[in-house]
Every structure is written in structure tokens, then in C-alpha cells.
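Asker: Dropping in final39.txt, with compact mmCIF, C-alpha atoms.
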```
# COMPACT_ATOMS: atom_id res chain seq x y z
CA MET A 968 -15.13 -36.47 34.26
CA ARG A 969 -12.21 -37.89 36.21
CA GLU A 970 -9.03 -35.87 36.58
CA SER A 971 -6.99 -38.68 35.04
CA THR A 972 -9.21 -38.60 31.92
CA LEU A 973 -8.89 -34.82 31.68
CA TRP A 974 -5.10 -35.15 31.99
CA LEU A 975 -4.99 -37.85 29.31
CA LEU A 976 -6.94 -35.53 27.02
CA GLN A 977 -4.44 -32.77 27.84
CA ILE A 978 -1.55 -34.94 26.65
CA SER A 979 -3.51 -36.11 23.56
CA THR A 980 -4.36 -32.55 22.55
CA ALA A 981 -0.71 -31.58 23.05
CA ILE A 982 0.32 -34.22 20.50
CA VAL A 983 -2.38 -33.04 18.06
CA LEU A 984 -1.24 -29.45 18.52
CA VAL A 985 2.43 -30.19 17.84
CA VAL A 986 1.48 -31.67 14.46
CA ALA A 987 -1.20 -29.11 13.60
CA VAL A 988 0.92 -26.08 14.54
CA THR A 989 3.83 -27.40 12.48
CA VAL A 990 1.60 -27.86 9.41
CA HIS A 991 -0.10 -24.49 9.95
CA LEU A 992 3.13 -22.52 10.32
CA ALA A 993 4.85 -24.39 7.50
CA SER A 994 2.11 -23.22 5.12
CA PHE A 995 3.39 -19.63 5.22
CA THR A 996 7.07 -19.67 6.13
CA SER A 997 9.82 -18.98 3.64
CA PHE A 998 11.80 -22.13 4.25
CA VAL A 999 9.22 -24.81 3.51
CA GLY A 1000 6.34 -22.78 2.11
CA PRO A 1001 5.62 -19.75 -0.07
CA GLY A 1002 6.71 -17.21 2.58
CA ARG A 1003 4.66 -15.04 4.91
CA THR A 1004 3.77 -12.30 2.40
CA GLU A 1005 2.72 -14.67 -0.36
CA GLY A 1006 1.32 -17.27 2.02
CA LEU A 1007 -1.20 -14.77 3.41
CA GLU A 1008 -2.47 -13.51 0.07
CA PHE A 1009 -6.16 -14.19 -0.44
CA PRO A 1010 -5.88 -16.59 -3.44
CA VAL A 1011 -3.25 -18.70 -1.63
CA VAL A 1012 -5.26 -18.80 1.60
CA ARG A 1013 -8.41 -19.64 -0.34
CA SER A 1014 -6.68 -22.52 -2.12
CA ARG A 1015 -5.89 -23.91 1.33
CA VAL A 1016 -9.22 -23.41 3.08
CA VAL A 1017 -11.38 -24.88 0.29
CA ASN A 1018 -9.55 -28.18 0.76
CA PRO A 1019 -11.74 -30.43 3.01
CA LEU A 1020 -8.63 -31.99 4.59
CA TYR A 1021 -7.53 -28.56 5.82
CA THR A 1022 -11.09 -27.98 7.11
CA VAL A 1023 -10.93 -31.14 9.21
CA MET A 1024 -7.42 -30.23 10.41
CA TYR A 1025 -8.46 -26.70 11.40
CA ILE A 1026 -11.51 -27.92 13.33
CA LEU A 1027 -9.36 -30.45 15.21
CA PHE A 1028 -6.73 -27.74 15.70
CA LEU A 1029 -9.32 -25.37 17.21
CA GLY A 1030 -10.79 -28.00 19.52
CA ALA A 1031 -7.39 -29.22 20.70
CA GLY A 1032 -6.10 -25.67 21.14
CA PHE A 1033 -9.00 -24.46 23.24
CA TYR A 1034 -9.12 -27.59 25.38
CA HIS A 1035 -5.36 -27.60 26.00
CA GLY A 1036 -5.26 -23.89 26.79
CA ILE A 1037 -8.28 -23.76 29.04
CA TYR A 1038 -7.21 -26.87 30.97
CA GLY A 1039 -3.80 -25.25 31.48
CA VAL A 1040 -5.33 -22.03 32.78
CA ARG A 1041 -7.60 -24.11 35.04
CA THR A 1042 -4.49 -25.76 36.52
CA ILE A 1043 -2.95 -22.35 37.21
CA LEU A 1044 -6.19 -21.08 38.78
CA SER A 1045 -6.47 -24.13 41.01
CA GLU A 1046 -2.99 -23.35 42.35
CA LEU A 1047 -3.48 -19.62 42.82
CA LEU A 1048 -7.08 -19.50 44.07
CA PRO A 1049 -7.91 -21.51 47.19
CA ASN A 1050 -11.54 -20.31 47.03
CA ARG A 1051 -13.37 -23.12 45.24
CA SER A 1052 -16.47 -21.12 44.27
CA LEU A 1053 -14.46 -18.32 42.68
CA ARG A 1054 -12.28 -20.86 40.88
CA ARG A 1055 -15.30 -22.74 39.51
CA PHE A 1056 -16.92 -19.48 38.41
CA LEU A 1057 -13.81 -18.38 36.50
CA VAL A 1058 -13.34 -21.80 34.92
CA ALA A 1059 -17.01 -21.78 33.87
CA ILE A 1060 -16.50 -18.41 32.16
CA LEU A 1061 -13.43 -19.73 30.39
CA VAL A 1062 -15.24 -22.87 29.24
CA VAL A 1063 -18.19 -20.87 27.89
CA ALA A 1064 -15.87 -18.43 26.13
CA GLY A 1065 -13.82 -21.32 24.75
CA LEU A 1066 -16.90 -23.09 23.41
CA ALA A 1067 -18.20 -19.86 21.90
CA PHE A 1068 -14.92 -19.12 20.13
CA PHE A 1069 -14.58 -22.73 19.03
CA GLY A 1070 -18.04 -22.46 17.47
CA TRP A 1071 -17.11 -19.15 15.85
CA GLY A 1072 -13.88 -20.57 14.45
CA THR A 1073 -15.62 -23.69 13.14
CA TYR A 1074 -18.26 -21.52 11.48
CA THR A 1075 -15.50 -19.44 9.81
CA VAL A 1076 -13.75 -22.57 8.57
CA LEU A 1077 -17.00 -24.00 7.16
CA VAL A 1078 -17.98 -20.71 5.51
CA ALA A 1079 -14.48 -20.55 3.99
CA LEU A 1080 -15.27 -23.79 2.12
CA THR A 1081 -17.71 -21.80 -0.01
CA LEU A 1082 -15.24 -19.04 -0.97
CA MET B 889 -29.56 -49.79 46.55
CA ARG B 890 -27.90 -46.46 45.82
CA ARG B 891 -24.31 -46.25 46.99
CA ARG B 892 -23.54 -43.30 49.25
CA LYS B 893 -21.04 -40.90 47.72
CA GLN B 894 -17.79 -40.78 49.71
CA PRO B 895 -16.87 -37.32 51.07
CA ARG B 896 -13.94 -35.73 49.32
CA ALA B 897 -10.73 -35.07 51.21
CA GLU B 898 -10.89 -31.34 50.46
CA ASP B 899 -14.31 -31.13 52.09
CA GLN B 900 -13.01 -32.66 55.30
CA ARG B 901 -10.04 -30.39 55.89
CA PRO B 902 -9.25 -26.87 54.75
CA MET B 903 -7.19 -26.61 51.59
CA PRO B 904 -3.54 -25.58 52.27
CA ARG B 905 -2.98 -21.93 51.38
CA ASN B 906 -0.59 -21.09 48.61
CA ARG B 907 1.30 -18.44 50.54
CA TRP B 908 3.53 -17.23 47.73
CA GLY B 909 1.06 -17.12 44.84
CA ILE B 910 2.50 -15.71 41.62
CA ARG B 911 5.54 -14.48 43.55
CA GLY B 912 6.46 -18.12 43.92
CA TRP B 913 6.83 -18.39 40.14
CA LEU B 914 9.79 -15.99 40.20
CA GLY B 915 11.96 -17.74 42.73
CA GLY B 916 12.04 -19.84 45.83
CA ARG B 917 14.11 -22.16 47.92
CA GLY B 918 15.73 -24.94 45.95
CA TYR B 919 14.62 -23.65 42.56
CA ARG B 920 16.76 -24.85 39.69
CA LEU B 921 16.64 -24.51 35.92
CA ASP B 922 13.72 -26.97 35.59
CA ARG B 923 11.53 -24.85 37.85
CA TYR B 924 12.20 -21.67 35.87
CA LEU B 925 11.48 -23.54 32.63
CA TYR B 926 8.15 -24.57 34.17
CA THR B 927 7.39 -20.94 35.09
CA LEU B 928 8.18 -19.82 31.54
CA HIS B 929 6.02 -22.69 30.25
CA ARG B 930 3.07 -21.30 32.21
CA ILE B 931 3.66 -17.71 31.13
CA THR B 932 3.92 -18.65 27.45
CA GLY B 933 0.84 -20.86 27.83
CA VAL B 934 -1.30 -18.03 29.17
CA GLY B 935 0.00 -15.73 26.43
CA LEU B 936 -0.84 -18.30 23.76
CA VAL B 937 -4.38 -18.76 25.10
CA ALA B 938 -4.94 -14.99 24.89
CA TRP B 939 -3.48 -14.93 21.39
CA LEU B 940 -5.70 -17.88 20.34
CA PHE B 941 -8.85 -15.93 21.18
CA LEU B 942 -7.51 -12.92 19.27
CA HIS B 943 -6.52 -15.08 16.30
CA VAL B 944 -9.99 -16.67 15.98
CA TYR B 945 -11.50 -13.18 16.00
CA SER B 946 -9.11 -11.81 13.38
CA MET B 947 -9.38 -14.84 11.09
CA SER B 948 -13.19 -14.63 11.19
CA TYR B 949 -12.76 -11.81 8.64
CA LEU B 950 -11.90 -14.52 6.10
CA GLY B 951 -15.53 -15.55 6.04
CA GLY B 952 -16.45 -12.10 4.68
CA GLY B 953 -14.46 -12.55 1.50
CA ARG B 954 -11.41 -10.90 -0.04
CA GLU B 955 -11.75 -7.30 1.13
CA PRO B 956 -12.35 -7.90 4.86
CA PHE B 957 -9.54 -10.47 4.89
CA GLU B 958 -7.06 -8.14 3.19
CA TYR B 959 -8.09 -5.39 5.62
CA ILE B 960 -7.18 -7.51 8.63
CA ILE B 961 -3.94 -8.75 7.00
CA ASP B 962 -2.95 -5.12 6.38
CA ALA B 963 -3.57 -4.46 10.08
CA TYR B 964 -1.03 -7.24 10.80
CA ASN B 965 1.53 -5.69 8.45
CA GLN B 966 2.77 -3.14 10.99
CA PRO B 967 6.22 -3.26 12.66
CA LEU B 968 4.70 -3.68 16.12
CA ALA B 969 2.46 -6.49 14.85
CA HIS B 970 5.50 -8.23 13.31
CA LEU B 971 7.23 -8.04 16.69
CA GLY B 972 4.09 -9.46 18.33
CA GLU B 973 3.99 -12.29 15.79
CA PHE B 974 7.65 -13.06 16.40
CA LEU B 975 7.05 -13.16 20.18
CA MET B 976 4.05 -15.41 19.63
CA ILE B 977 6.12 -17.83 17.53
CA ALA B 978 8.94 -17.74 20.09
CA ALA B 979 6.37 -18.61 22.78
CA LEU B 980 5.01 -21.42 20.58
CA ILE B 981 8.48 -22.87 19.98
CA PHE B 982 9.39 -22.74 23.67
CA HIS B 983 6.03 -24.06 24.91
CA GLY B 984 6.02 -26.88 22.36
CA LEU B 985 9.57 -28.08 22.91
CA ASN B 986 9.36 -27.77 26.69
CA GLY B 987 6.01 -29.57 26.53
CA ILE B 988 7.67 -32.44 24.66
CA ARG B 989 10.34 -32.58 27.39
CA LEU B 990 7.68 -32.53 30.13
CA GLY B 991 5.74 -35.24 28.29
CA PHE B 992 8.80 -37.50 28.27
CA LEU B 993 9.36 -36.83 31.99
CA GLU B 994 5.69 -37.54 32.71
CA LEU B 995 5.96 -40.91 30.98
CA GLY B 996 9.17 -41.65 32.88
CA PHE B 997 11.49 -41.80 29.89
CA LEU B 998 14.12 -39.33 31.02
CA LEU B 999 14.19 -39.91 34.75
CA GLY B 1000 17.00 -42.43 34.76
CA ARG B 1001 18.00 -44.61 37.66
CA PRO B 1002 17.01 -43.37 41.13
CA LYS B 1003 19.76 -42.75 43.68
CA ARG B 1004 19.60 -43.50 47.35
CA PRO B 1005 18.26 -40.43 49.17
CA VAL B 1006 21.26 -39.42 51.25
CA TYR B 1007 21.60 -36.02 52.96
CA PRO B 1008 21.79 -33.27 51.57
CA TYR B 1009 19.41 -34.86 48.95
CA ARG B 1010 20.81 -32.94 46.00
CA GLU B 1011 19.99 -35.44 43.28
CA VAL B 1012 17.37 -38.13 43.57
CA VAL B 1013 17.76 -39.42 40.05
CA VAL B 1014 20.70 -39.72 37.71
CA GLN B 1015 20.31 -36.57 35.66
CA LYS B 1016 22.70 -36.74 32.75
CA LEU B 1017 20.15 -37.93 30.19
CA PRO B 1018 17.54 -35.23 30.92
CA ARG B 1019 20.28 -32.60 30.67
CA VAL B 1020 21.41 -33.94 27.28
CA VAL B 1021 17.82 -33.99 26.00
CA LEU B 1022 17.23 -30.50 27.39
CA LEU B 1023 20.34 -29.19 25.64
CA THR B 1024 19.28 -30.84 22.37
CA LEU B 1025 15.80 -29.32 22.60
CA MET B 1026 17.32 -25.91 23.37
CA VAL B 1027 19.53 -26.15 20.27
CA ILE B 1028 16.53 -27.16 18.11
CA GLY B 1029 14.50 -24.34 19.64
CA GLY B 1030 17.31 -21.89 18.98
CA ILE B 1031 17.46 -22.91 15.31
CA PHE B 1032 13.67 -22.49 14.89
CA LEU B 1033 13.84 -19.18 16.71
CA ALA B 1034 16.57 -17.96 14.38
CA PHE B 1035 14.40 -18.91 11.38
CA ALA B 1036 11.43 -17.07 12.92
CA ALA B 1037 13.54 -13.97 13.67
CA PHE B 1038 14.83 -13.97 10.09
CA GLU B 1039 11.29 -14.38 8.72
CA TYR B 1040 9.44 -11.90 10.93
CA LEU B 1041 12.02 -9.29 11.86
CA PHE B 1042 14.33 -9.08 8.84
CA LEU B 1043 12.48 -10.30 5.76
CA LEU B 1044 9.35 -8.20 6.37
```
Please express what this file holds, its structure, as C-alpha cells.
Answerer:
Amino acid sequence: MRESTLWLLQISTAIVLVVAVTVHLASFTSFVGPGRTEGLEFPVVRSRVVNPLYTVMYILFLGAGFYHGIYGVRTILSELLPNRSLRRFLVAILVVAGLAFFGWGTYTVLVALTL
Amino acid sequence: MRRRKQPRAEDQRPMPRNRWGIRGWLGGRGYRLDRYLYTLHRITGVGLVAWLFLHVYSMSYLGGGREPFEYIIDAYNQPLAHLGEFLMIAALIFHGLNGIRLGFLELGFLLGRPKRPVYPYREVVVQKLPRVVLLTLMVIGGIFLAFAAFEYLFLL
């Protein structure tokens, strides 16, 4: 994929993350939501995660978060490591770990629908 | 007929060495506030990536039902964990707001009118508007940070 496409995706995921993080944090802060203590109680969390809209939001949130983060770390590695092979190896590890955790998170979100 | 792939520039000459490495993040010639904000943006970004992996692991307990979830939430209800959560939210606020500022700069909205490059080349662009936007974002960030400190350090 071209670098310009990857960069465009980086900006797009940043916009998605600004919205998703705001909604996610607002769901358990005192000022716009029930508060941290109440917001993290099991019945309150369950009422959120069984909503299919939240499921879609969380999956998008996970995908955008991992892409944005791993692309950022890739940028840092490309500046700090002149050795291309080592850089590619480390980025490959990050991508595999990111995909694995994205799959794990998506599985958790889908299982939570059945709670 | 298959088109021959053009050789890349980096294959034809050695890549320039980054002599300073991470040391260069801490200071260098001509560094101003924007450069240090960029350094902090990178540091908070790496921290947030690490936290994201940890968060996916800890929230996977939700799939096990009520008891595993309450076990992991109890693990987060420690003073040190509250401090960690506050630092994570502070990093999120900074990274997000600075990212918005960088996004505007990237799209050319805050650059202003360019000046003629005359020695000693102190300012290439008119920089009042970016400073005003930066100050506004810092005030917004400070307000959110105060809310987060109240929530995570005093209420709990």
C-alpha cells in the first residue's frame, strides 16, 4: 500500500478515535455519565455492551486504535532504526500482535452481546 | 509487456544515519515549543499503545461473566492503579488535542501567510494564529485534566 494511503488512514483513524474515546470516557465519568464507580458496575456495563450500536462502535474503536498506534510506532522505528531488515521484523511483530489483540477484543465484544 | 520496477532511492544510496536517536527528542539546535510538543506527542503515543494492549487483555475478563469482571475491576481499584488511570487519561487528552492541532497544521489551516526568508530566518510563517489556537487547546486540555484529576484522584 502506498505511504500516502497509509497516512490518509492514519488521519481517518485519528478522527474516529477522537469521537470514540469521547463517547467511551463519557460513559463512566461523573460529569456527563453515572461516574466511574457506578459506570463500571457489571449491570451498567452489561446494559452498554448488549447494545449492538456499542458493539459496532467498539469494533471500530479497536480497529482504529490498533492501526493508529502501530502506524505511529512504525514511524518512530523508521526514524530510530536505519537497519531496514530489523525495522521490518519489528513492524511485522507489531502488526501480528495488533491483529491478534484486535481479534481478541472483537471476540470479547461479540461474546459480551450474549451476557 | 511487463513494466520494469523502478529502483527505489533508498536502494541506490545509503540511508542517512540518525546520529542523535532518542537523545534528539530531548533537545537540539533550534528546538522550540512545537518540537517539545511533538516529542511529548510521541511519548504519550507509545504509552497509549502499551496501555491499549493491556486494556484489551483486562477487558477480556468481561466475556467470562460477572465474577471475572468484578475481579479485574477490583484489581483496578487500588491507589496506584487510579494514578495510572489518571496518567493514561492525561496522555489521552494531550495526545488528542495536540493531534487535532497537528491535523490542522497538516491541512494547512494554521500556517498563515509565509514571510520572505531573510537572515536569520527566525519565522517563515506568520505565527500568531497557531499560537492562539495552541493556547486555546491548552486551556481546553487543562479543563479536561482538572476534571480527570477530580474524578480519579479525589473522588475515588
Asker: Find the distance between CA of Gly1072 in chain A and CA of Tyr945 in chain B and write it in Å to one decimal.
Answerer: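 So the two atoms, CA of Gly1072 in chain A and CA of Tyr945 in chain B, lie 7.9 Å apart.
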Asker: Can you tell me how far CA of Ala979 in chain B sits from CA of Gly933 in chain B, in Å to one decimal?
Answerer: 7.8 Å
Asker: Which chain A residues are at most 6 Å from chain B (counting only C-alpha atoms), as a list in words?
Answerer: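 Listed by rising number, the hits are Gly1036, Leu1047, Gly1072, Thr1075, Val1078 and Ala1079 of chain A.
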Asker: For range 1058-1062 of chain A, list every protein, DNA or RNA residue within 10 Å, evaluated using only C-alpha atoms, and leave out those in the same chain fewer than 6 positions away; present the list as a list in words.
Answerer: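 Residues meeting the cut-off are Phe1033, Tyr1034, Gly1036, Ile1037, Tyr1038, Val1040, Arg1041, Thr1042, Leu1044, Ser1045, Ser1052 and Phe1068 of chain A.
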Asker: Smallest atom-to-atom distance to Phe1032 in chain B: which of A:Leu1007, A:Ala993, A:Val1016, A:Met1024, using only C-alpha atoms?
Answerer: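 Using only C-alpha atoms, Phe1032 in chain B sits closest to A:Ala993.
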Asker: So how many Å separate CA of Tyr1021 in chain A and CA of Thr972 in chain A, to one decimal?
Answerer: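 The value is 28.0 Å.
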Asker: Enumerate, as a list in words, the protein, DNA and RNA residues whose atoms approach (-9.4, -32.3, 25.1) to within 10 Å, taking into account all atoms listed in the file and the coordinate frame of the file.
Answerer: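 Protein, DNA and RNA residues close to (-9.4, -32.3, 25.1): Thr972, Leu973, Trp974, Leu975, Leu976, Gln977, Ile978, Ser979, Thr980, Ala981, Val983, Gly1030, Ala1031, Gly1032, Phe1033, Tyr1034, His1035, Gly1036, Ile1037 and Tyr1038 of chain A.
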